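protein.txt, holding compact mmCIF, C-alpha atoms:
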```
# COMPACT_ATOMS: atom_id res chain seq x y z
CA MET A 274 46.38 62.45 154.10
CA PRO A 275 47.97 65.52 152.45
CA ILE A 276 49.85 65.06 149.20
CA ASP A 277 52.16 67.52 147.50
CA LEU A 278 50.77 67.68 143.98
CA ARG A 279 52.99 70.47 142.60
CA VAL A 280 54.68 68.34 139.94
CA TYR A 281 53.15 64.90 139.61
CA LEU A 282 54.79 62.53 137.14
CA VAL A 283 52.67 59.78 135.60
CA LEU A 284 55.17 57.22 134.38
CA ASP A 285 53.98 54.97 131.57
CA PRO A 286 56.78 52.59 130.51
CA ALA A 287 55.26 52.50 127.02
CA LEU A 288 55.89 56.25 126.66
CA THR A 289 59.57 56.72 127.43
CA SER A 290 60.97 56.87 123.90
CA GLY A 291 62.57 53.50 124.56
CA ARG A 292 64.53 54.68 127.61
CA SER A 293 64.61 52.99 131.03
CA PRO A 294 61.58 54.00 133.13
CA LEU A 295 63.75 53.82 136.23
CA GLU A 296 66.34 56.21 134.83
CA ILE A 297 63.64 58.64 133.75
CA ALA A 298 62.11 58.48 137.21
CA GLU A 299 65.43 59.21 138.86
CA ALA A 300 66.09 62.15 136.54
CA ALA A 301 62.61 63.51 137.25
CA LEU A 302 63.19 63.15 140.99
CA GLN A 303 66.45 65.07 140.65
CA GLY A 304 64.52 67.73 138.76
CA GLY A 305 62.03 68.12 141.61
CA ILE A 306 58.85 66.11 140.99
CA THR A 307 56.74 65.84 144.14
CA ALA A 308 54.71 62.69 143.39
CA LEU A 309 55.06 59.69 141.08
CA GLN A 310 52.46 57.36 139.65
CA LEU A 311 53.15 54.15 137.73
CA ARG A 312 50.66 53.57 134.93
CA TRP A 313 50.82 50.12 133.32
CA LYS A 314 48.37 49.52 130.53
CA SER A 315 49.69 46.27 129.10
CA GLY A 316 52.49 43.77 129.46
CA PRO A 317 53.24 41.06 132.04
CA LEU A 318 52.13 42.02 135.52
CA ARG A 319 55.26 40.57 137.07
CA GLU A 320 57.32 43.15 135.20
CA MET A 321 55.02 45.81 136.65
CA LEU A 322 55.69 44.37 140.11
CA ARG A 323 59.44 44.47 139.62
CA LEU A 324 59.35 48.02 138.30
CA GLY A 325 56.89 49.05 141.01
CA GLU A 326 59.16 47.78 143.76
CA ALA A 327 62.16 49.60 142.32
CA LEU A 328 60.18 52.84 141.91
CA ARG A 329 58.83 52.59 145.44
CA GLU A 330 62.39 52.34 146.79
CA LEU A 331 63.46 55.28 144.67
CA CYS A 332 60.53 57.46 145.77
CA ARG A 333 61.15 56.60 149.39
CA ARG A 334 64.75 57.74 149.06
CA TYR A 335 63.52 61.07 147.74
CA GLY A 336 60.70 61.27 150.26
CA ILE A 337 57.85 61.59 147.77
CA PRO A 338 54.69 59.49 147.51
CA PHE A 339 54.49 56.62 145.02
CA LEU A 340 51.12 55.64 143.58
CA ILE A 341 49.89 52.88 141.30
CA ASN A 342 47.35 53.46 138.59
CA ASP A 343 44.19 51.31 138.76
CA ARG A 344 45.55 48.09 140.32
CA VAL A 345 44.85 48.15 144.04
CA ASP A 346 46.27 44.65 144.46
CA VAL A 347 49.55 45.69 142.88
CA ALA A 348 49.65 48.78 145.10
CA ILE A 349 49.35 46.55 148.15
CA ALA A 350 51.86 44.04 146.77
CA VAL A 351 54.59 46.64 146.18
CA HIS A 352 53.77 48.67 149.31
CA ALA A 353 52.92 51.78 147.33
CA ASP A 354 51.58 54.84 149.14
CA GLY A 355 48.33 54.71 147.23
CA VAL A 356 46.44 54.39 143.98
CA HIS A 357 45.02 56.57 141.28
CA LEU A 358 41.61 55.48 139.99
CA GLY A 359 39.75 56.37 136.82
CA GLN A 360 35.98 56.63 136.64
CA GLU A 361 35.83 53.05 135.36
CA ASP A 362 38.26 51.55 137.86
CA LEU A 363 37.43 50.19 141.30
CA PRO A 364 35.26 52.66 143.25
CA PRO A 365 37.26 54.75 145.76
CA GLU A 366 35.34 53.35 148.72
CA VAL A 367 36.33 49.79 147.73
CA ALA A 368 39.95 50.85 147.31
CA ARG A 369 39.83 52.53 150.72
CA ARG A 370 38.52 49.35 152.29
CA LEU A 371 41.38 47.35 150.78
CA LEU A 372 44.14 49.91 151.36
CA GLY A 373 43.22 51.32 154.75
CA PRO A 374 42.88 54.87 156.08
CA GLN A 375 46.52 55.91 155.56
CA ALA A 376 46.63 55.25 151.83
CA LEU A 377 46.50 58.03 149.26
CA ILE A 378 43.59 57.67 146.87
CA GLY A 379 43.36 59.88 143.82
CA VAL A 380 40.42 59.91 141.44
CA SER A 381 40.09 61.23 137.90
CA ALA A 382 37.22 63.74 137.82
CA ARG A 383 36.32 65.68 134.70
CA THR A 384 33.23 67.44 136.04
CA PRO A 385 32.02 69.00 139.31
CA GLU A 386 29.59 66.10 139.64
CA GLN A 387 32.39 63.53 139.42
CA ALA A 388 34.45 65.65 141.81
CA ARG A 389 31.73 65.75 144.45
CA ALA A 390 31.15 61.99 144.12
CA ALA A 391 34.87 61.28 144.53
CA GLU A 392 35.10 63.55 147.56
CA ALA A 393 32.10 61.84 149.14
CA ALA A 394 33.69 58.45 148.42
CA GLY A 395 36.82 59.37 150.37
CA ALA A 396 39.30 60.47 147.71
CA ASP A 397 42.38 62.41 148.86
CA TYR A 398 42.91 64.38 145.67
CA LEU A 399 41.51 64.72 142.17
CA GLY A 400 43.17 64.48 138.78
CA THR A 401 41.33 66.75 136.37
CA GLY A 402 41.58 66.99 132.61
CA SER A 403 42.32 66.83 129.86
CA VAL A 404 43.00 70.55 130.25
CA PHE A 405 44.88 70.87 126.96
CA PRO A 406 45.31 68.61 123.92
CA THR A 407 47.90 65.90 124.54
CA ALA A 408 49.88 63.38 122.58
CA SER A 409 49.60 60.80 125.40
CA LYS A 410 45.89 60.23 124.85
CA ALA A 411 44.02 59.95 121.58
CA ASN A 412 40.95 62.22 121.33
CA PRO A 413 40.73 63.26 124.98
CA THR A 414 37.71 65.15 126.22
CA LEU A 415 39.08 68.67 126.65
CA ILE A 416 37.79 70.66 129.61
CA GLY A 417 40.08 73.68 129.26
CA LEU A 418 41.05 76.04 132.07
CA GLU A 419 37.37 76.86 132.64
CA GLY A 420 36.53 73.20 133.22
CA LEU A 421 39.51 72.89 135.56
CA ALA A 422 38.38 75.96 137.54
CA ALA A 423 34.84 74.57 137.75
CA VAL A 424 36.11 71.32 139.29
CA VAL A 425 38.35 73.28 141.70
CA ARG A 426 35.37 75.35 142.87
CA SER A 427 33.23 72.24 143.41
CA THR A 428 35.44 70.46 145.92
CA ARG A 429 37.60 70.93 149.00
CA LEU A 430 40.06 68.35 147.66
CA PRO A 431 43.31 69.46 146.04
CA VAL A 432 43.18 69.17 142.27
CA VAL A 433 46.05 68.29 139.96
CA ALA A 434 45.66 69.46 136.36
CA ILE A 435 46.46 66.88 133.66
CA GLY A 436 46.48 66.75 129.88
CA GLY A 437 48.89 68.63 127.68
CA VAL A 438 50.48 70.55 130.56
CA ASN A 439 53.99 71.93 129.94
CA PRO A 440 56.24 74.63 131.47
CA GLU A 441 54.53 77.27 129.32
CA ASN A 442 50.94 76.62 130.41
CA ALA A 443 51.51 75.22 133.93
CA ALA A 444 51.15 78.63 135.58
CA ALA A 445 47.72 79.09 134.02
CA CYS A 446 46.60 75.81 135.62
CA ILE A 447 47.75 77.02 139.03
CA ARG A 448 46.02 80.35 138.51
CA ALA A 449 42.85 78.39 137.70
CA GLY A 450 43.10 76.89 141.19
CA ALA A 451 45.04 73.67 140.66
CA ALA A 452 47.38 72.59 143.45
CA GLY A 453 49.79 71.23 140.87
CA VAL A 454 50.24 69.73 137.44
CA ALA A 455 50.47 66.12 136.32
CA VAL A 456 52.40 65.23 133.21
CA ILE A 457 53.35 62.16 131.25
CA SER A 458 55.17 62.93 128.02
CA ALA A 459 56.29 66.44 129.03
CA ILE A 460 58.85 64.65 131.19
CA THR A 461 59.10 61.07 129.92
CA GLN A 462 59.53 62.02 126.28
CA ALA A 463 61.62 65.12 126.92
CA PRO A 464 65.21 65.02 125.65
CA ASP A 465 66.29 65.94 129.21
CA PRO A 466 63.70 64.68 131.72
CA GLU A 467 65.50 66.28 134.67
CA ALA A 468 65.48 69.72 133.03
CA ALA A 469 61.84 69.24 132.02
CA ALA A 470 60.87 68.40 135.61
CA ARG A 471 62.82 71.39 136.90
CA ALA A 472 61.15 73.76 134.43
CA LEU A 473 57.71 72.51 135.48
CA ARG A 474 58.56 72.86 139.15
CA GLN A 475 59.75 76.43 138.62
CA ALA A 476 56.66 77.37 136.63
CA VAL A 477 54.37 75.94 139.31
CA GLU A 478 56.27 77.55 142.19
CA GLY A 479 56.29 80.88 140.42
CA ALA A 480 52.54 80.77 139.94
CA LEU A 481 51.89 79.55 143.49
CA ALA A 482 53.88 82.54 144.78
CA GLY A 483 51.95 84.86 142.53
CA GLY A 484 49.00 85.53 144.81
CA PRO A 485 45.29 85.50 143.94
CA SER A 486 44.30 84.30 140.52
CA PRO A 487 42.58 86.54 137.94
CA ASN A 488 39.31 84.65 138.33
CA GLY A 489 39.10 85.40 142.04
CA GLY A 490 40.24 82.06 143.45
CA THR A 491 43.28 81.65 145.64
CA ASN A 492 46.20 79.41 144.91
CA THR A 493 46.32 77.95 148.39
CA ARG A 494 43.40 75.63 148.94
CA ILE A 495 42.10 75.69 152.51
CA MET B 145 41.05 24.30 151.12
CA PRO B 146 39.55 21.52 148.97
CA ILE B 147 37.81 22.45 145.76
CA ASP B 148 35.58 20.27 143.59
CA LEU B 149 37.13 20.63 140.15
CA ARG B 150 35.00 18.09 138.28
CA VAL B 151 33.42 20.59 135.89
CA TYR B 152 34.94 24.05 136.13
CA LEU B 153 33.41 26.76 133.98
CA VAL B 154 35.59 29.69 132.96
CA LEU B 155 33.15 32.41 132.04
CA ASP B 156 34.44 35.05 129.64
CA PRO B 157 31.68 37.57 128.82
CA ALA B 158 33.35 38.17 125.45
CA LEU B 159 32.76 34.51 124.52
CA THR B 160 29.05 33.94 125.03
CA SER B 161 27.82 34.33 121.45
CA GLY B 162 26.15 37.55 122.53
CA ARG B 163 24.08 35.94 125.30
CA SER B 164 23.82 37.11 128.90
CA PRO B 165 26.77 35.78 130.98
CA LEU B 166 24.47 35.51 133.97
CA GLU B 167 21.94 33.37 132.11
CA ILE B 168 24.71 31.12 130.81
CA ALA B 169 26.09 30.77 134.32
CA GLU B 170 22.69 29.81 135.69
CA ALA B 171 22.14 27.25 132.93
CA ALA B 172 25.60 25.79 133.59
CA LEU B 173 24.86 25.59 137.31
CA GLN B 174 21.63 23.76 136.55
CA GLY B 175 23.63 21.40 134.38
CA GLY B 176 25.99 20.59 137.24
CA ILE B 177 29.19 22.65 137.08
CA THR B 178 31.16 22.44 140.32
CA ALA B 179 33.22 25.67 140.14
CA LEU B 180 32.96 28.98 138.29
CA GLN B 181 35.61 31.49 137.34
CA LEU B 182 35.01 34.94 135.88
CA ARG B 183 37.60 35.94 133.32
CA TRP B 184 37.50 39.59 132.24
CA LYS B 185 40.06 40.59 129.66
CA SER B 186 38.80 44.02 128.69
CA GLY B 187 35.97 46.46 129.29
CA PRO B 188 35.09 48.74 132.21
CA LEU B 189 36.06 47.27 135.55
CA ARG B 190 32.86 48.47 137.17
CA GLU B 191 30.89 46.20 134.83
CA MET B 192 33.13 43.37 135.97
CA LEU B 193 32.31 44.27 139.58
CA ARG B 194 28.59 44.26 138.91
CA LEU B 195 28.74 40.93 137.08
CA GLY B 196 31.09 39.51 139.71
CA GLU B 197 28.70 40.37 142.52
CA ALA B 198 25.78 38.79 140.68
CA LEU B 199 27.77 35.65 139.89
CA ARG B 200 28.98 35.36 143.48
CA GLU B 201 25.36 35.41 144.69
CA LEU B 202 24.38 32.83 142.11
CA CYS B 203 27.27 30.51 142.99
CA ARG B 204 26.49 30.83 146.67
CA ARG B 205 22.90 29.76 146.03
CA TYR B 206 24.22 26.65 144.27
CA GLY B 207 26.92 26.07 146.88
CA ILE B 208 29.87 26.13 144.49
CA PRO B 209 33.03 28.23 144.68
CA PHE B 210 33.34 31.43 142.66
CA LEU B 211 36.76 32.60 141.53
CA ILE B 212 38.09 35.67 139.76
CA ASN B 213 40.76 35.49 137.10
CA ASP B 214 43.88 37.57 137.74
CA ARG B 215 42.44 40.54 139.69
CA VAL B 216 42.99 39.92 143.39
CA ASP B 217 41.53 43.33 144.26
CA VAL B 218 38.33 42.53 142.39
CA ALA B 219 38.13 39.15 144.13
CA ILE B 220 38.28 40.92 147.49
CA ALA B 221 35.84 43.60 146.38
CA VAL B 222 33.14 41.12 145.28
CA HIS B 223 33.84 38.65 148.10
CA ALA B 224 34.78 35.87 145.73
CA ASP B 225 36.06 32.58 147.12
CA GLY B 226 39.40 32.98 145.41
CA VAL B 227 41.41 33.76 142.34
CA HIS B 228 42.97 32.01 139.40
CA LEU B 229 46.43 33.25 138.45
CA GLY B 230 48.44 32.83 135.27
CA GLN B 231 52.22 32.61 135.22
CA GLU B 232 52.40 36.34 134.48
CA ASP B 233 49.85 37.46 137.08
CA LEU B 234 50.53 38.29 140.72
CA PRO B 235 52.62 35.55 142.37
CA PRO B 236 50.51 33.10 144.45
CA GLU B 237 52.28 34.06 147.67
CA VAL B 238 51.34 37.72 147.17
CA ALA B 239 47.74 36.75 146.43
CA ARG B 240 47.70 34.59 149.56
CA ARG B 241 48.93 37.49 151.64
CA LEU B 242 46.14 39.70 150.31
CA LEU B 243 43.36 37.09 150.39
CA GLY B 244 44.14 35.18 153.56
CA PRO B 245 44.43 31.48 154.37
CA GLN B 246 40.82 30.54 153.54
CA ALA B 247 40.88 31.75 149.94
CA LEU B 248 41.15 29.38 147.00
CA ILE B 249 44.15 30.09 144.82
CA GLY B 250 44.53 28.35 141.50
CA VAL B 251 47.57 28.66 139.28
CA SER B 252 48.06 27.89 135.59
CA ALA B 253 50.94 25.41 135.27
CA ARG B 254 51.99 23.95 131.94
CA THR B 255 55.02 22.00 133.13
CA PRO B 256 56.09 19.96 136.19
CA GLU B 257 58.50 22.79 137.05
CA GLN B 258 55.70 25.37 137.10
CA ALA B 259 53.52 22.92 139.04
CA ARG B 260 56.14 22.42 141.76
CA ALA B 261 56.71 26.17 142.03
CA ALA B 262 52.97 26.83 142.37
CA GLU B 263 52.62 24.13 145.01
CA ALA B 264 55.54 25.58 146.97
CA ALA B 265 53.97 29.04 146.69
CA GLY B 266 50.76 27.85 148.34
CA ALA B 267 48.40 27.17 145.43
CA ASP B 268 45.29 25.09 146.14
CA TYR B 269 44.90 23.63 142.67
CA LEU B 270 46.46 23.81 139.23
CA GLY B 271 44.96 24.54 135.83
CA THR B 272 46.91 22.65 133.20
CA GLY B 273 46.85 22.97 129.42
CA SER B 274 46.21 23.55 126.71
CA VAL B 275 45.54 19.82 126.51
CA PHE B 276 43.80 19.99 123.12
CA PRO B 277 43.50 22.69 120.46
CA THR B 278 40.88 25.27 121.37
CA ALA B 279 38.97 28.07 119.69
CA SER B 280 39.11 30.21 122.87
CA LYS B 281 42.83 30.83 122.58
CA ALA B 282 44.87 31.59 119.49
CA ASN B 283 47.96 29.39 119.06
CA PRO B 284 47.99 27.82 122.52
CA THR B 285 50.99 25.75 123.58
CA LEU B 286 49.60 22.21 123.42
CA ILE B 287 50.76 19.79 126.11
CA GLY B 288 48.50 16.87 125.20
CA LEU B 289 47.41 14.12 127.58
CA GLU B 290 51.08 13.20 128.19
CA GLY B 291 51.86 16.74 129.34
CA LEU B 292 48.79 16.71 131.55
CA ALA B 293 49.83 13.39 133.11
CA ALA B 294 53.36 14.71 133.69
CA VAL B 295 52.00 17.69 135.65
CA VAL B 296 49.66 15.41 137.64
CA ARG B 297 52.60 13.18 138.60
CA SER B 298 54.71 16.16 139.70
CA THR B 299 52.38 17.56 142.36
CA ARG B 300 50.08 16.65 145.22
CA LEU B 301 47.67 19.39 144.17
CA PRO B 302 44.50 18.56 142.27
CA VAL B 303 44.80 19.39 138.59
CA VAL B 304 42.05 20.61 136.30
CA ALA B 305 42.60 20.00 132.59
CA ILE B 306 41.91 22.93 130.28
CA GLY B 307 42.06 23.63 126.57
CA GLY B 308 39.73 22.12 123.99
CA VAL B 309 38.04 19.79 126.48
CA ASN B 310 34.58 18.52 125.51
CA PRO B 311 32.27 15.64 126.52
CA GLU B 312 34.09 13.33 124.08
CA ASN B 313 37.61 13.81 125.42
CA ALA B 314 36.88 14.68 129.08
CA ALA B 315 37.17 11.06 130.21
CA ALA B 316 40.69 10.82 128.76
CA CYS B 317 41.71 13.83 130.88
CA ILE B 318 40.41 12.13 134.01
CA ARG B 319 42.19 8.90 133.07
CA ALA B 320 45.38 10.96 132.71
CA GLY B 321 44.96 11.91 136.37
CA ALA B 322 43.03 15.18 136.24
CA ALA B 323 40.57 15.87 139.06
CA GLY B 324 38.28 17.58 136.59
CA VAL B 325 37.97 19.58 133.42
CA ALA B 326 37.77 23.31 132.83
CA VAL B 327 35.97 24.67 129.80
CA ILE B 328 35.10 27.98 128.27
CA SER B 329 33.45 27.71 124.89
CA ALA B 330 32.28 24.09 125.31
CA ILE B 331 29.64 25.55 127.61
CA THR B 332 29.43 29.28 126.87
CA GLN B 333 29.16 28.89 123.12
CA ALA B 334 27.06 25.72 123.20
CA PRO B 335 23.52 26.01 121.78
CA ASP B 336 22.29 24.58 125.11
CA PRO B 337 24.76 25.46 127.91
CA GLU B 338 22.84 23.43 130.50
CA ALA B 339 22.94 20.28 128.38
CA ALA B 340 26.62 20.90 127.62
CA ALA B 341 27.43 21.19 131.33
CA ARG B 342 25.44 18.04 132.07
CA ALA B 343 27.22 16.07 129.35
CA LEU B 344 30.61 17.13 130.72
CA ARG B 345 29.61 16.24 134.26
CA GLN B 346 28.44 12.79 133.15
CA ALA B 347 31.62 12.17 131.19
CA VAL B 348 33.79 13.18 134.15
CA GLU B 349 31.77 11.16 136.67
CA GLY B 350 31.83 8.11 134.44
CA ALA B 351 35.60 8.31 134.15
CA LEU B 352 36.09 8.99 137.87
CA ALA B 353 34.06 5.84 138.61
CA GLY B 354 36.14 3.86 136.15
CA GLY B 355 38.99 2.90 138.47
CA PRO B 356 42.74 3.11 137.85
CA SER B 357 43.90 4.75 134.67
CA PRO B 358 45.77 2.91 131.91
CA ASN B 359 49.00 4.74 132.72
CA GLY B 360 49.02 3.47 136.30
CA GLY B 361 47.76 6.57 138.09
CA THR B 362 44.66 6.63 140.19
CA ASN B 363 41.76 8.96 139.73
CA THR B 364 41.50 9.86 143.36
CA ARG B 365 44.37 12.09 144.37
CA ILE B 366 45.58 11.53 147.92
```
Have the structure of the file written as structure tokens, please.
Amino acid sequence: MPIDLRVYLVLDPALTSGRSPLEIAEAALQGGITALQLRWKSGPLREMLRLGEALRELCRRYGIPFLINDRVDVAIAVHADGVHLGQEDLPPEVARRLLGPQALIGVSARTPEQARAAEAAGADYLGTGSVFPTASKANPTLIGLEGLAAVVRSTRLPVVAIGGVNPENAAACIRAGAAGVAVISAITQAPDPEAAARALRQAVEGALAGGPSPNGGTNTRI
Amino acid sequence: MPIDLRVYLVLDPALTSGRSPLEIAEAALQGGITALQLRWKSGPLREMLRLGEALRELCRRYGIPFLINDRVDVAIAVHADGVHLGQEDLPPEVARRLLGPQALIGVSARTPEQARAAEAAGADYLGTGSVFPTASKANPTLIGLEGLAAVVRSTRLPVVAIGGVNPENAAACIRAGAAGVAVISAITQAPDPEAAARALRQAVEGALAGGPSPNGGTNTRI
């Protein structure tokens, strides 16, 4: 199933500077995000269910896919479009069995090896990073633009770049072969989340329209 | 679906005094536990999957049900017999939808109100406590034997007593109307888990054979 990864918001209710996750999501949708993931690291699951159901409705109104981080059962419960899985979460093939062939399944892959394994396991897209240092994650393993390009070259799956991406460096990710950029705090902690989403969208679109990348790849994955 | 709750081991790999969870489970099965739940609060999910698959095989060999705490997706992935859900986990009706009519669904219920709600939502049994103070949980809400008896009276579901239960006080739980006792550390941190399981089983069986309880209830739930 194809997924538009151009601007992919990962919404973590713990990282919204105390603002309503739902309001931030709506502002980001107005600003032009193309996919939304709910990441819920702690707190009562029933609150996650309530928020997940509200976000699913919101995403449906805007016509963009809604994904749940890690919890396949929650994704099924709130009728999300799919899940995003880390290397330590449920294996993609198990998630596929539970979610069915139509579901979107994304997998975090830091290396070409992880990328090939995820592709073989039936993933629909990859999340690759951390490309740049980020405040959302303590001591991330940085792969840089070279690491991102190496993952892109290793797989036929679309790759979304994550980790410290902002409107200034988003174009470089696209030129390295990414189909889009995923952000957490660049939108959720921005003073104006709608403007932040719009700036990211413009940066990505500009780079996607820019033709072949300096390192010989193309921006449109075939 | 009926479930034999007489001696219900909740296995938390973080509470085994450093010993192998699988070896403790096997010793407990030898000692006569009648149900086993895997509780996994932290750590890589793929380790939980591996342990869950091994425990499911073990339980199948002994002919007792194997349940997973909280994670319905993991229960499906490892082909467990069911799940145990807290008040903040997925609602029982959602779990039932995901797991199907044959699955065992247990719900933690501390009050008659929670017990009635769980019964209405399709639970198969209730876990009720904390009956006594316990080292496995910091500052639990104690309900005592009176609270346990109040839950038993409020529902037709079998109730397993949990929280600080040991061979000395297990009989009192049964006399209060419980169908069995659930323990964590009384088995997993015992010097001899098999002997601990056997002592609990004997205490429960002795009390179940003892006829009507002092407070007028019967031990056999109809």
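With chain A superimposed on chain B by least squares using every Cα atom in order, the two chains differ by 0.0 Å RMSD.
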Query raised in the report: With only C-alpha atoms as the atoms that count, which of A:Arg279, A:Leu295, A:Asp362, A:Leu324 lies nearest to chain B?
Result: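 For chain B, the nearest of the given residues is A:Asp362.
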Inset, instruction - For range 303-306 of chain A, work out the shell of residues within 9 Å, counting all atoms listed in the file and skipping chain neighbours fewer than 3 positions away, then give it as a ChimeraX atom specification. - result: /A:278-282,298-300,309,335,337,466-474
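Computed from the coordinates, the CA of Thr428 in chain A to CA of Trp313 in chain A distance equals 28.4 Å.
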Residues of chain B within 12 Å of chain A, all atoms listed in the file counted, as an NGL selection string:
:B and (185-194 or 214-223 or 229-243)
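CA of Arg426 in chain A to CA of Thr307 in chain A spans 23.4 Å [interatomic distance, one decimal].
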**Message:** Under the rule that only C-alpha atoms are counted, which of A:Leu328, A:Ile297, A:Ala396, A:Val356 is the nearest residue to Arg429 in chain A?
**Reply:**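 Result for the nearest residue to Arg429 in chain A: A:Ala396.
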Could you list, as a PDB file with C-alpha atoms, in the coordinates of the input, every residue within 6 Å of Val283 in chain A, counting all atoms listed in the file and ignoring same-chain residues fewer than 5 positions away?
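Result saved to out38.pdb:
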```pdb
ATOM      1  CA  LEU A 309      55.060  59.690 141.080  1.00  0.00           C
ATOM      2  CA  GLN A 310      52.460  57.360 139.650  1.00  0.00           C
ATOM      3  CA  VAL A 456      52.400  65.230 133.210  1.00  0.00           C
ATOM      4  CA  ILE A 457      53.350  62.160 131.250  1.00  0.00           C
TER       5      ILE A 457
END
```
Distance query Ala443 in chain A at most 7 Å, only C-alpha atoms, self and fewer than 3 positions along chain excluded, as an mmCIF file with C-alpha atoms, keeping the file's coordinate frame:
```cif
data_model
loop_
_atom_site.group_PDB
_atom_site.id
_atom_site.type_symbol
_atom_site.label_atom_id
_atom_site.label_comp_id
_atom_site.auth_asym_id
_atom_site.auth_seq_id
_atom_site.Cartn_x
_atom_site.Cartn_y
_atom_site.Cartn_z
ATOM 1 C CA VAL A 438 50.480 70.550 130.560
ATOM 2 C CA ASN A 439 53.990 71.930 129.940
ATOM 3 C CA PRO A 440 56.240 74.630 131.470
ATOM 4 C CA CYS A 446 46.600 75.810 135.620
ATOM 5 C CA ILE A 447 47.750 77.020 139.030
ATOM 6 C CA VAL A 454 50.240 69.730 137.440
ATOM 7 C CA LEU A 473 57.710 72.510 135.480
ATOM 8 C CA ALA A 476 56.660 77.370 136.630
ATOM 9 C CA VAL A 477 54.370 75.940 139.310
#
```
Separating CA of Gly420 in chain A from CA of Leu284 in chain A, to the nearest tenth of an Å, is a gap of 24.6 Å
Please return range 423-428 of chain A, rebuilt to all heavy atoms, as a compact mmCIF listing (two decimals), in the coordinates of the input.
```txt
# COMPACT_ATOMS: atom_id res chain seq x y z
N ALA A 423 36.15 75.00 137.27
CA ALA A 423 34.84 74.57 137.75
C ALA A 423 34.98 73.38 138.71
O ALA A 423 34.29 73.32 139.74
CB ALA A 423 33.95 74.18 136.56
N VAL A 424 35.88 72.46 138.38
CA VAL A 424 36.11 71.32 139.29
C VAL A 424 36.72 71.82 140.60
O VAL A 424 36.30 71.42 141.70
CB VAL A 424 37.01 70.26 138.63
CG1 VAL A 424 37.51 69.25 139.67
CG2 VAL A 424 36.26 69.53 137.52
N VAL A 425 37.70 72.73 140.50
CA VAL A 425 38.35 73.28 141.70
C VAL A 425 37.30 73.91 142.63
O VAL A 425 37.32 73.69 143.84
CB VAL A 425 39.43 74.30 141.31
CG1 VAL A 425 39.89 75.09 142.53
CG2 VAL A 425 40.61 73.60 140.65
N ARG A 426 36.38 74.67 142.05
CA ARG A 426 35.37 75.35 142.87
C ARG A 426 34.40 74.38 143.52
O ARG A 426 33.76 74.70 144.52
CB ARG A 426 34.56 76.33 141.99
CG ARG A 426 35.27 77.64 141.70
CD ARG A 426 34.31 78.66 141.10
NE ARG A 426 33.69 78.22 139.86
CZ ARG A 426 34.19 78.44 138.64
NH1 ARG A 426 35.32 79.10 138.50
NH2 ARG A 426 33.57 77.99 137.57
N SER A 427 34.28 73.16 142.95
CA SER A 427 33.23 72.24 143.41
C SER A 427 33.67 71.36 144.58
O SER A 427 32.86 70.61 145.12
CB SER A 427 32.80 71.34 142.25
OG SER A 427 33.82 70.37 141.97
N THR A 428 34.94 71.43 144.95
CA THR A 428 35.44 70.46 145.92
C THR A 428 36.43 71.09 146.88
O THR A 428 37.07 72.11 146.55
CB THR A 428 36.12 69.28 145.19
OG1 THR A 428 36.66 68.37 146.15
CG2 THR A 428 37.27 69.77 144.30
```
